[in-house]
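Containing mmCIF, C-alpha atoms: work.cif.
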data_final
loop_
_atom_site.label_atom_id
_atom_site.label_comp_id
_atom_site.auth_asym_id
_atom_site.auth_seq_id
_atom_site.Cartn_x
_atom_site.Cartn_y
_atom_site.Cartn_z
CA MET D 1 0.00 0.00 0.00
CA GLU D 2 1.51 3.26 -1.15
CA LEU D 3 1.67 6.10 1.35
CA ASN D 4 -0.46 9.06 0.34
CA LYS D 5 1.48 12.34 -0.06
CA LYS D 6 -0.96 14.14 2.28
CA MET D 7 -0.16 11.60 4.99
CA GLU D 8 3.57 11.86 4.33
CA GLU D 9 3.44 15.65 4.70
CA ALA D 10 1.32 15.40 7.85
CA ILE D 11 3.72 12.91 9.42
CA ASN D 12 6.67 15.16 8.62
CA ARG D 13 4.89 18.07 10.33
CA GLN D 14 4.28 15.84 13.35
CA ILE D 15 7.94 14.82 13.43
CA ASN D 16 8.83 18.51 13.58
CA ALA D 17 6.27 19.07 16.33
CA GLU D 18 7.69 16.19 18.37
CA MET D 19 11.20 17.60 18.03
CA TRP D 20 9.96 21.05 19.07
CA SER D 21 8.26 19.46 22.10
CA SER D 22 11.55 17.81 23.01
CA HIS D 23 13.30 21.18 22.92
CA LEU D 24 10.53 22.77 24.96
CA TYR D 25 10.81 20.15 27.69
CA LEU D 26 14.59 20.34 27.65
CA ALA D 27 14.36 24.12 28.17
CA MET D 28 11.97 23.52 31.07
CA SER D 29 14.38 20.95 32.49
CA VAL D 30 17.20 23.47 32.37
CA HIS D 31 14.99 26.06 34.06
CA PHE D 32 14.11 23.65 36.86
CA ALA D 33 17.74 22.59 37.32
CA TYR D 34 18.85 26.22 37.46
CA ASN D 35 16.29 26.81 40.20
CA SER D 36 17.39 23.73 42.20
CA PHE D 37 14.31 21.64 41.44
CA ASP D 38 16.27 18.53 40.49
CA GLY D 39 13.23 16.24 40.52
CA PHE D 40 11.30 18.40 38.08
CA ALA D 41 14.46 18.79 35.97
CA HIS D 42 14.76 15.00 35.81
CA TRP D 43 11.06 14.60 34.96
CA MET D 44 11.29 17.16 32.15
CA ARG D 45 14.47 15.61 30.79
CA LYS D 46 12.64 12.28 30.57
CA GLN D 47 9.80 14.04 28.76
CA ALA D 48 12.27 15.56 26.31
CA GLU D 49 13.77 12.13 25.63
CA GLU D 50 10.33 10.60 25.06
CA GLU D 51 9.41 13.28 22.55
CA MET D 52 12.58 12.57 20.56
CA GLU D 53 11.77 8.85 20.70
CA HIS D 54 8.37 9.68 19.21
CA ALA D 55 10.05 11.65 16.42
CA TYR D 56 12.42 8.75 15.73
CA ALA D 57 9.54 6.26 15.66
CA MET D 58 7.70 8.45 13.16
CA ILE D 59 10.80 8.83 11.02
CA ASP D 60 11.23 5.05 10.98
CA TYR D 61 7.55 4.49 10.21
CA LEU D 62 7.63 6.99 7.36
CA SER D 63 10.73 5.32 5.92
CA ARG D 64 9.19 1.84 6.18
CA ARG D 65 6.15 3.08 4.27
CA GLY D 66 8.28 4.48 1.45
CA GLY D 67 7.91 8.10 2.52
CA ARG D 68 10.72 10.60 2.77
CA PRO D 69 11.35 11.99 6.25
CA VAL D 70 12.22 15.67 6.11
CA ILE D 71 13.95 17.28 9.07
CA MET D 72 12.71 20.85 9.24
CA PRO D 73 13.98 23.78 11.29
CA ILE D 74 12.77 23.83 14.85
CA CYS D 75 11.31 27.10 16.06
CA GLU D 76 12.75 28.70 19.16
CA VAL D 77 11.28 27.67 22.49
CA PRO D 78 10.77 29.92 25.53
CA ASN D 79 13.54 29.96 28.12
CA GLU D 80 11.80 31.88 30.91
CA TYR D 81 9.16 30.22 33.06
CA GLY D 82 7.15 30.84 36.20
CA THR D 83 6.33 28.61 39.14
CA ALA D 84 6.30 24.83 39.04
CA LEU D 85 2.49 24.90 38.90
CA GLU D 86 2.46 27.40 36.03
CA ILE D 87 4.95 25.30 34.11
CA MET D 88 3.02 22.08 34.65
CA GLU D 89 -0.23 23.78 33.62
CA SER D 90 1.48 24.90 30.39
CA VAL D 91 2.75 21.33 29.92
CA LEU D 92 -0.81 20.04 30.23
CA LYS D 93 -2.04 22.59 27.70
CA HIS D 94 0.77 21.56 25.35
CA GLU D 95 0.07 17.83 25.81
CA CYS D 96 -3.61 18.45 25.00
CA ALA D 97 -2.57 20.22 21.80
CA VAL D 98 -0.29 17.28 20.93
CA SER D 99 -3.21 14.92 21.55
CA GLU D 100 -5.35 16.93 19.11
CA SER D 101 -2.56 16.82 16.54
CA ILE D 102 -2.20 13.05 16.84
CA ILE D 103 -5.97 12.59 16.61
CA SER D 104 -5.95 14.66 13.41
CA LEU D 105 -3.43 12.17 11.99
CA VAL D 106 -5.77 9.31 12.90
CA ASP D 107 -8.63 11.19 11.24
CA LEU D 108 -6.55 11.77 8.11
CA ALA D 109 -5.59 8.10 8.00
CA GLU D 110 -9.27 7.15 8.20
CA GLU D 111 -10.15 9.65 5.47
CA LEU D 112 -7.43 8.17 3.23
CA HIS D 113 -8.33 4.56 4.16
CA ASP D 114 -4.77 4.12 5.42
CA LEU D 115 -5.21 1.43 8.06
CA PRO D 116 -1.47 1.02 8.80
CA SER D 117 -1.12 4.73 9.64
CA ARG D 118 -4.31 4.68 11.68
CA GLU D 119 -3.04 1.77 13.76
CA PHE D 120 0.40 3.33 14.14
CA PHE D 121 -0.99 6.61 15.44
CA MET D 122 -3.59 4.96 17.68
CA GLY D 123 -0.65 3.83 19.81
CA PHE D 124 0.27 7.48 20.28
CA VAL D 125 -3.34 8.36 21.14
CA LYS D 126 -3.23 5.82 23.96
CA GLU D 127 0.11 7.21 25.14
CA GLN D 128 -1.26 10.76 25.13
CA VAL D 129 -4.03 9.71 27.52
CA GLU D 130 -1.32 8.47 29.90
CA GLU D 131 0.76 11.64 29.42
CA GLU D 132 -2.16 13.93 30.22
CA GLN D 133 -3.03 11.88 33.30
CA SER D 134 0.56 11.98 34.51
CA VAL D 135 0.71 15.76 34.19
CA ASN D 136 -2.71 16.12 35.84
CA ASP D 137 -1.42 14.08 38.78
CA VAL D 138 1.56 16.41 39.23
CA ILE D 139 -0.70 19.47 38.97
CA ALA D 140 -3.04 18.03 41.60
CA LYS D 141 -0.11 17.48 43.97
CA LEU D 142 1.22 21.00 43.38
CA LYS D 143 -2.20 22.46 44.11
CA LEU D 144 -2.54 20.31 47.22
CA TYR D 145 0.84 21.31 48.65
CA GLY D 146 1.00 24.85 47.26
CA ASP D 147 3.94 26.68 45.71
CA SER D 148 5.71 27.05 49.03
CA HIS D 149 5.89 23.26 49.32
CA ALA D 150 6.64 22.47 45.68
CA ILE D 151 9.89 20.86 46.85
CA LEU D 152 7.81 17.96 48.20
CA VAL D 153 6.39 17.35 44.74
CA ASP D 154 9.88 17.83 43.29
CA HIS D 155 11.05 14.89 45.39
CA HIS D 156 8.09 12.80 44.18
CA VAL D 157 8.52 13.50 40.45
CA GLY D 158 12.27 12.90 40.69
CA LYS D 159 11.54 9.19 41.20
CA ARG D 160 10.35 8.81 37.62
#

Hey, can you dump this file as structure tokens for me?
Amino acid sequence: MELNKKMEEAINRQINAEMWSSHLYLAMSVHFAYNSFDGFAHWMRKQAEEEMEHAYAMIDYLSRRGGRPVIMPICEVPNEYGTALEIMESVLKHECAVSESIISLVDLAEELHDLPSREFFMGFVKEQVEEEQSVNDVIAKLKLYGDSHAILVDHHVGKR
């Protein structure tokens, strides 16, 4: 089954988005480390690594399907952030946007009757549910303890 050009282009855009997400989480990791929140820094570094793994998986999938992966420029990410709660709330918002983007790839695959791509991206849909829940859990803990006790949550998330 030949890969449709629309799907190839959409996957390449998603690869770029995953790489941008990796840079975003790396910048957040650096921010946390600079502010002595080693647990959050570790958690964000793991997130950054996962996003690159997603990009690699998509590159490999595209190649296996006969598509041409294109590595595009990555837009600059912010380097200044607020409190741990504000950062995690922005992470949740970002993860929700990523979920929407992945779902749009599933929708496109259905529209193009591309069952292999649909199945491939359904795995990412399931992972996004877990990602959003994980971030929601951290947000709930930060709200419970408050900003002045964020170090307690920092210790918790550092166990990841």

Checklist line | Polymer residues at most 7 Å from stretch 69-76 of chain D, all atoms listed in the file, same-chain spacing of 5 or more positions, as a ChimeraX atom specification | finding: /D:12,16,20,59,62-63

Margin query: Once the PyMOL selection byres ((chain D and resi 88-94) around 10) is applied to the coordinates I shared, what remains selected? I want it as a ChimeraX atom specification.
Written below: /D:21,24-25,28,40,44,81-87,95-100,131-136,138-139,142

Checklist line | Among listed residues D:Ile15, D:Ala27, D:Ser36, D:Ile103, nearest D:Gln128 (using only C-alpha atoms) | finding: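 Closest to D:Gln128, using only C-alpha atoms: D:Ile103.
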
Checklist line | 12 Å contact set for D:His42, all atoms listed in the file, chain neighbours under 3 positions out, as a list in words | finding: Tyr25, Leu26, Ala27, Met28, Ser29, Val30, His31, Phe32, Ala33, Ser36, Phe37, Asp38, Gly39, Arg45, Lys46, Gln47, Ala48, Glu49, Asp154, His155, His156, Val157, Gly158, Lys159 and Arg160 of chain D

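The space between atom CA of D:Glu51 and atom CA of D:Ser22 spans 5.0 Å.
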
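Pairwise distance (atom CA of D:Asp137, atom CA of D:Phe124) equals 19.7 Å.
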
Next item on the list: Would you work out the distance separating atom CA of D:His23 from atom CA of D:Gly146, expressed in Å to one decimal?
Entry: 27.5 Å

Next item on the list: Taking the file above as input, evaluate the PyMOL selection byres ((chain D and resi 109) around 12) and report the hits as a ChimeraX atom specification.
Entry: /D:3-8,10-11,102-108,110-122
